[in-house]
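What follows is the content of query01.cif, which has mmCIF, C-alpha atoms and all ligand atoms:
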data_my_file
loop_
_atom_site.label_atom_id
_atom_site.label_comp_id
_atom_site.auth_asym_id
_atom_site.auth_seq_id
_atom_site.Cartn_x
_atom_site.Cartn_y
_atom_site.Cartn_z
CA MET P 104 -25.98 12.47 23.06
CA ALA P 105 -28.43 11.27 20.46
CA ASP P 106 -29.20 14.47 18.70
CA ALA P 107 -31.36 14.44 15.61
CA VAL P 108 -30.51 17.25 13.19
CA GLY P 109 -32.89 16.78 10.29
CA THR P 110 -32.36 13.12 9.46
CA GLN P 111 -28.79 13.24 10.74
CA GLN P 112 -28.10 11.44 13.98
CA LEU P 113 -25.03 12.80 15.71
CA GLY P 114 -22.70 11.35 18.29
CA PHE P 115 -19.36 12.50 19.65
CA GLY P 116 -16.19 10.43 19.90
CA VAL P 117 -12.76 10.99 21.44
CA ASP P 118 -9.82 8.73 20.56
CA VAL P 119 -6.85 8.61 22.94
CA GLY P 120 -3.64 7.67 21.16
CA GLY P 121 0.02 7.65 22.14
CA SER P 122 0.79 10.93 20.37
CA GLY P 123 -2.56 12.69 20.01
CA ILE P 124 -6.03 12.94 21.55
CA LYS P 125 -8.60 13.53 18.83
CA GLY P 126 -12.29 14.30 18.99
CA ALA P 127 -15.11 15.11 16.57
CA PRO P 128 -18.86 14.96 16.11
CA VAL P 129 -19.89 11.94 14.04
CA ASP P 130 -22.73 11.60 11.56
CA LEU P 131 -23.99 8.14 12.48
CA GLY P 132 -26.01 7.78 9.32
CA ARG P 133 -22.86 7.83 7.21
CA GLY P 134 -20.27 6.79 9.78
CA ALA P 135 -18.22 9.87 8.99
CA LEU P 136 -17.00 12.92 10.88
CA ALA P 137 -19.58 15.70 10.83
CA ALA P 138 -16.96 18.42 11.40
CA GLU P 139 -13.19 18.68 11.40
CA ARG P 140 -11.61 16.89 14.32
CA VAL P 141 -9.75 18.69 17.11
CA ARG P 142 -6.37 17.16 17.96
CA ILE P 143 -4.24 17.98 21.01
CA GLU P 144 -0.90 16.35 21.78
CA THR P 145 -1.09 13.59 24.36
CA PRO P 146 0.44 14.94 27.60
CA GLN P 147 3.60 13.27 28.90
CA PRO P 148 3.56 11.47 31.22
CA ALA P 149 0.15 10.32 30.00
CA THR P 150 -1.37 9.76 33.44
CA PRO P 151 -5.15 9.39 33.77
CA GLU P 152 -5.56 12.89 35.26
CA ALA P 153 -3.47 14.59 32.57
CA VAL P 154 -5.18 12.69 29.74
CA VAL P 155 -8.69 13.37 31.06
CA ASP P 156 -7.80 17.07 31.38
CA THR P 157 -6.81 16.99 27.71
CA VAL P 158 -10.01 15.14 26.79
CA ALA P 159 -11.91 17.98 28.52
CA ARG P 160 -10.02 20.52 26.38
CA VAL P 161 -10.82 18.57 23.21
CA LEU P 162 -14.52 18.60 24.14
CA GLU P 163 -14.41 22.34 24.84
CA GLU P 164 -12.47 23.25 21.71
CA SER P 165 -14.77 21.15 19.53
CA GLY P 166 -17.86 22.79 21.01
CA ALA P 167 -19.15 19.30 21.78
CA PRO P 168 -22.80 19.46 22.82
CA GLU P 169 -23.70 18.45 26.36
CA GLY P 170 -24.33 14.77 26.93
CA PRO P 171 -22.62 11.41 26.74
CA PHE P 172 -19.73 10.75 24.41
CA GLY P 173 -17.54 7.79 23.50
CA LEU P 174 -13.94 7.60 24.70
CA THR P 175 -11.33 5.09 23.50
CA LEU P 176 -8.33 3.85 25.47
CA PRO P 177 -5.55 1.42 24.50
CA SER P 178 -6.52 -0.75 27.45
CA VAL P 179 -8.93 -3.49 28.44
CA VAL P 180 -11.99 -1.67 29.76
CA THR P 181 -14.71 -3.24 31.88
CA ASP P 182 -17.58 -1.20 33.24
CA GLY P 183 -15.77 2.11 32.68
CA THR P 184 -12.58 0.97 34.44
CA ALA P 185 -9.21 0.48 32.70
CA ARG P 186 -7.74 -2.94 33.48
CA THR P 187 -4.43 -3.17 31.59
CA ALA P 188 -1.64 -0.88 30.42
CA ALA P 189 0.55 -2.57 27.80
CA ASN P 190 1.62 0.61 26.01
CA ILE P 191 0.33 3.31 28.34
CA ASP P 192 1.22 4.67 31.76
CA PRO P 193 0.88 1.88 34.38
CA SER P 194 -1.17 4.18 36.61
CA TRP P 195 -4.21 3.54 34.33
CA VAL P 196 -4.66 0.02 35.73
CA GLY P 197 -7.68 0.07 38.06
CA THR P 198 -8.62 3.67 37.20
CA ASP P 199 -12.37 4.27 37.11
CA VAL P 200 -12.17 6.36 33.93
CA ARG P 201 -15.90 6.95 33.75
CA ALA P 202 -15.90 8.45 37.26
CA LEU P 203 -12.81 10.57 36.50
CA VAL P 204 -14.44 11.98 33.35
CA ARG P 205 -17.67 12.70 35.24
CA GLU P 206 -15.72 14.53 37.95
CA ARG P 207 -13.69 16.60 35.48
CA THR P 208 -16.31 17.32 32.79
CA GLY P 209 -19.72 16.61 34.32
CA ARG P 210 -20.40 14.29 31.38
CA GLU P 211 -21.02 10.60 30.96
CA ALA P 212 -18.42 8.74 28.90
CA LEU P 213 -18.81 5.35 27.30
CA VAL P 214 -15.24 4.10 27.70
CA VAL P 215 -14.10 1.44 25.23
CA ASN P 216 -10.94 -0.29 24.09
CA ASP P 217 -9.46 1.54 21.06
CA ALA P 218 -9.40 -1.49 18.74
CA ASP P 219 -12.94 -2.47 19.72
CA ALA P 220 -14.17 0.99 18.73
CA ALA P 221 -12.24 0.97 15.45
CA GLY P 222 -13.34 -2.58 14.68
CA LEU P 223 -17.01 -1.91 15.22
CA ALA P 224 -16.76 1.15 12.96
CA GLU P 225 -15.18 -0.95 10.18
CA VAL P 226 -17.94 -3.55 10.48
CA ARG P 227 -20.75 -1.01 10.51
CA PHE P 228 -19.44 1.50 7.99
CA GLY P 229 -16.11 0.41 6.53
CA ALA P 230 -14.26 -2.52 5.02
CA ALA P 231 -16.53 -5.21 6.51
CA ARG P 232 -19.91 -3.53 6.09
CA ASP P 233 -21.18 -6.19 3.65
CA VAL P 234 -19.90 -9.22 5.59
CA ARG P 235 -21.81 -11.36 8.06
CA GLY P 236 -20.33 -14.07 10.25
CA THR P 237 -17.09 -13.68 12.17
CA VAL P 238 -15.05 -10.58 11.38
CA LEU P 239 -11.71 -10.00 13.03
CA VAL P 240 -10.30 -6.48 12.91
CA LEU P 241 -6.66 -6.05 13.89
CA THR P 242 -5.02 -2.65 14.33
CA LEU P 243 -1.30 -2.66 13.64
CA GLY P 244 0.42 0.23 15.37
CA THR P 245 2.58 0.55 18.48
CA GLY P 246 0.86 -2.65 19.60
CA ILE P 247 -1.67 -4.94 17.97
CA GLY P 248 -5.27 -4.33 18.92
CA SER P 249 -8.09 -6.71 18.13
CA ALA P 250 -11.85 -6.55 17.70
CA LEU P 251 -13.92 -9.68 17.26
CA VAL P 252 -17.36 -9.09 15.78
CA ARG P 253 -19.92 -11.82 15.13
CA ASP P 254 -22.95 -10.91 13.01
CA GLY P 255 -22.50 -7.27 13.99
CA ALA P 256 -22.12 -7.88 17.75
CA LEU P 257 -18.81 -7.05 19.40
CA VAL P 258 -17.08 -9.47 21.78
CA PRO P 259 -15.08 -6.85 23.73
CA ASN P 260 -11.53 -6.95 25.10
CA THR P 261 -10.16 -9.85 23.05
CA GLU P 262 -6.51 -8.66 23.30
CA LEU P 263 -5.26 -11.01 20.57
CA GLY P 264 -2.13 -8.88 20.14
CA HIS P 265 -0.81 -10.56 23.24
CA LEU P 266 -0.97 -14.14 21.98
CA GLU P 267 2.35 -15.86 22.40
CA LEU P 268 4.26 -16.32 19.15
CA ASP P 269 7.63 -18.10 19.11
CA GLY P 270 8.00 -17.35 22.80
CA HIS P 271 7.25 -13.64 22.37
CA ASP P 272 4.27 -11.39 22.99
CA ALA P 273 2.99 -11.31 19.37
CA GLU P 274 2.67 -7.52 19.15
CA THR P 275 6.38 -7.12 19.89
CA ARG P 276 7.09 -9.12 16.68
CA ALA P 277 4.35 -8.27 14.18
CA SER P 278 3.17 -4.73 14.98
CA ASP P 279 4.09 -1.77 12.82
CA ALA P 280 6.35 -0.54 15.62
CA ALA P 281 8.22 -3.88 15.47
CA ARG P 282 8.67 -3.43 11.69
CA LYS P 283 10.21 0.00 12.25
CA ARG P 284 12.25 -1.00 15.29
CA ASP P 285 13.81 -3.99 13.51
CA ASP P 286 14.11 -2.07 10.22
CA LEU P 287 12.30 -4.87 8.38
CA SER P 288 11.62 -4.94 4.65
CA TRP P 289 7.94 -5.28 3.69
CA GLU P 290 8.67 -8.92 2.78
CA ALA P 291 10.28 -9.71 6.14
CA TRP P 292 7.55 -7.99 8.13
CA THR P 293 4.78 -9.65 6.10
CA GLN P 294 6.32 -13.04 6.87
CA ARG P 295 5.96 -12.31 10.56
CA LEU P 296 2.42 -11.05 10.02
CA THR P 297 1.53 -14.17 8.01
CA ARG P 298 2.79 -16.33 10.85
CA TYR P 299 0.75 -14.37 13.37
CA LEU P 300 -2.41 -14.38 11.24
CA ARG P 301 -2.16 -18.14 10.67
CA HIS P 302 -1.97 -18.63 14.42
CA VAL P 303 -5.04 -16.45 15.01
CA ASP P 304 -6.86 -18.14 12.12
CA ALA P 305 -6.30 -21.58 13.62
CA LEU P 306 -8.04 -20.39 16.80
CA LEU P 307 -10.95 -18.40 15.38
CA TRP P 308 -11.52 -19.23 11.68
CA PRO P 309 -12.81 -15.76 10.84
CA ASP P 310 -14.80 -15.14 7.64
CA LEU P 311 -12.88 -11.91 7.08
CA VAL P 312 -9.84 -10.18 8.57
CA VAL P 313 -9.59 -6.38 8.36
CA LEU P 314 -6.19 -4.86 8.98
CA GLY P 315 -6.04 -1.29 10.26
CA GLY P 316 -3.61 1.14 11.86
CA GLY P 317 -1.39 3.64 10.06
CA VAL P 318 0.27 0.93 7.98
CA SER P 319 -3.06 0.11 6.27
CA LYS P 320 -2.64 3.35 4.30
CA LYS P 321 0.29 1.69 2.52
CA SER P 322 -1.42 -1.67 1.97
CA GLU P 323 -0.42 -1.75 -1.72
CA LYS P 324 3.14 -2.38 -0.51
CA TRP P 325 2.40 -5.49 1.55
CA LEU P 326 -1.14 -6.85 1.40
CA HIS P 327 -0.39 -9.08 -1.64
CA LEU P 328 2.57 -10.61 0.23
CA LEU P 329 0.36 -12.15 2.94
CA ASP P 330 -0.16 -15.89 2.60
CA VAL P 331 -3.18 -16.77 4.75
CA ARG P 332 -6.48 -18.64 4.41
CA PRO P 333 -9.14 -16.01 5.19
CA PRO P 334 -9.81 -13.02 2.95
CA VAL P 335 -7.98 -9.94 4.20
CA ARG P 336 -8.99 -6.35 3.48
CA PRO P 337 -7.34 -3.09 4.51
CA ALA P 338 -9.33 -0.86 6.86
CA GLU P 339 -11.24 1.98 5.24
CA LEU P 340 -11.94 4.47 8.00
CA LEU P 341 -8.26 4.87 8.85
CA ASN P 342 -7.67 7.72 11.31
CA ASP P 343 -11.36 8.22 11.99
CA ALA P 344 -12.29 4.65 12.95
CA GLY P 345 -11.78 5.05 16.72
CA ILE P 346 -13.76 8.31 16.89
CA VAL P 347 -16.62 6.89 14.80
CA GLY P 348 -16.85 3.61 16.75
CA ALA P 349 -16.71 5.38 20.12
CA ALA P 350 -19.49 7.79 19.10
CA LEU P 351 -21.58 4.90 17.81
CA LEU P 352 -21.26 2.89 21.02
CA ALA P 353 -22.05 5.92 23.19
CA VAL P 354 -25.27 6.60 21.29
CA GLU P 355 -26.32 2.97 21.15
CA SER P 356 -25.79 2.43 24.86
CA THR P 357 -27.64 5.60 25.93
CA PRO P 358 -31.34 5.01 26.56
CA ARG P 359 -33.41 7.39 24.46
CA VAL P 360 -35.91 9.62 26.19
CA GLY P 361 -39.39 8.62 25.08
CA THR P 362 -38.40 5.12 23.94
CA PRO P 363 -41.18 2.82 25.08
CA PRO P 364 -40.11 -0.16 27.19
CA ALA P 365 -39.60 -3.34 25.15
C1 LIG Q 401 -3.29 -3.21 24.16
C2 LIG Q 401 -4.71 -3.19 23.61
C3 LIG Q 401 -4.83 -2.13 22.52
C4 LIG Q 401 -3.75 -2.30 21.48
C5 LIG Q 401 -3.78 -1.20 20.42
C6 LIG Q 401 -2.31 -3.36 23.02
O1 LIG Q 401 -1.01 -3.35 23.53
O2 LIG Q 401 -3.13 -4.28 25.07
O3 LIG Q 401 -5.64 -2.95 24.63
O4 LIG Q 401 -6.09 -2.23 21.93
O5 LIG Q 401 -2.46 -2.30 22.08
O6 LIG Q 401 -3.61 0.07 20.98
#
Take the structure from the file and write it as structure tokens.
Ligand code: BGC
Amino acid sequence: MADAVGTQQLGFGVDVGGSGIKGAPVDLGRGALAAERVRIETPQPATPEAVVDTVARVLEESGAPEGPFGLTLPSVVTDGTARTAANIDPSWVGTDVRALVRERTGREALVVNDADAAGLAEVRFGAARDVRGTVLVLTLGTGIGSALVRDGALVPNTELGHLELDGHDAETRASDAARKRDDLSWEAWTQRLTRYLRHVDALLWPDLVVLGGGVSKKSEKWLHLLDVRPPVRPAELLNDAGIVGAALLAVESTPRVGTPPA
């Protein structure tokens, strides 16, 4: 969907999370939701069929216009197919999500990793909008998602949450879920995060790191405790980042009718 309403270009994004599936139209001029989002609880077990049924309900309840939309998943996604399932139902691995959505809704979905969508939204409209070079966006939640963006172009599926740290999968040590699970103080958790960020920095030397996920809403409690080389900013789009990034990617990857060949 690349609908022009006055000067407003609209897209539609759906963000699949562990507890809720959220969708809204997005004003792509401002990078903001154009209407209130619709949220429906994520079905349990969150199998591909059950989740896509819920996505269809979100589209219906939002009155989403016909046409392509962006859909995030907490999974590596190549060519519309989910490839991994670190924190989701294992039955997603190998699922052709694009085909399943087409079958269930008759629509085309641009399927994208959740952190990639959120990261691109932060670079285009949020905390990194004025920064060129290498921007690394990390989402700290149940897992750690990553988006690597170089001069505005996304390198998809980086999966830096799964780097090995002290013999562990890094996200099981430094995610927000790990902080809660281990009942860590902000100081103790930030030490783990510092260690993780130094490791990532040594590999990528980003010009800016943006930290997102629910915990970025409380950044005044912990951001100043980080001791790392690159500048670090909290995410700005918060809950909307995935929806905005998914909508953006769907519009930008849909050929426009009437666009002359390059
Ligand atoms: C998954 C990523 C996802 C991240 C955040 C990780 O466990 O492997 O694909 O982006 O969690 O949801």
*6 Å shell around ligand LIG 401 (chain Q) using all atoms listed in the file, listed as a PyMOL selection string*: chain P and resi 177-179+189-190+216-218+246-248+262
*In terms of the shortest atom-to-atom distance over only C-alpha atoms, which of P:Thr184, P:Thr357, P:Thr293, P:Asn342 is closest to P:Thr198?*
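When distances to P:Thr198 are compared using only C-alpha atoms, the smallest one comes from P:Thr184.
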*asked:* Here is a test: counting all atoms listed in the file, which residue of P:Asp269, P:Glu290, P:Asp118, P:Asp254 is nearest to P:Gly348?
replied: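 Among the listed residues, the smallest separation from P:Gly348 belongs to P:Asp118.
Omitting P:Gly166 and its sequence neighbours fewer than 5 positions away, and counting all atoms listed in the file, the residues within 12 Å are Phe115, Gly126, Ala127, Pro128, Ala138, Glu139, Arg140, Val141, Ala159, Arg160 and Val161 of chain P.
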*Figure out the distance between atom CA of P:Ser322 and atom CA of P:Val258, please, to one decimal in Å.*
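Atom CA of P:Val258 sits 26.4 Å away from atom CA of P:Ser322.
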*What is the atom CA of P:Ala250 to atom CA of P:Gly114 distance in Å?*
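Distance reported for this atom pair: 20.9 Å.
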*asked:* Quick check, in Å to one decimal: how far apart do atom CA of P:Asp330 and atom CA of P:Arg282 lie?
replied: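 Between these atoms lies a distance of 17.8 Å.
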*Using only C-alpha atoms, which of P:Ala167, P:Ala291, P:Val313, P:Ala149 sits nearest P:Val129?*
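Closest to P:Val129 of all the choices is P:Ala167.
The neighbours of P:Arg133 here are the residues that come within 10 Å of it, using all atoms listed in the file and leaving out any residue fewer than 4 positions away in the same chain; they are Gln111, Gln112, Val129, Ala137, Arg227, Phe228 and Val347 of chain P.
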*Give the answer as one residue: which of P:Asp279, P:Glu169, P:Asp192, P:Asp310 has the shortest atom-to-atom distance to P:Thr145, using only C-alpha atoms?*
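Nearest candidate to P:Thr145 out of P:Asp279, P:Glu169, P:Asp192, P:Asp310: P:Asp192.
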_Counting all atoms listed in the file, find residues at most 12 Å from (-6.3, -8.1, 19.1) (file frame) and give them as an MDAnalysis selection string._
chainID P and resid 177:179 216:219 221:222 238:244 246:252 258:266 272:274 277:278 299:300 303 307 312:315
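Closest approach to P:Gly209 among P:Ala224, P:Thr245, P:Pro171, P:Val354: P:Pro171, based on only C-alpha atoms.
Among the candidate residues P:Gly123, P:Pro333, P:Glu164, P:Leu352, the one lying nearest to P:Ala220 is P:Leu352, with distances computed using all atoms listed in the file.
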*Excluding same-chain residues fewer than 5 positions from P:Lys324, what lies within 12 Å of it counting all atoms listed in the file, as a VMD selection string?*
chain P and resid 288 to 290 292 to 293 318 to 319 329 337
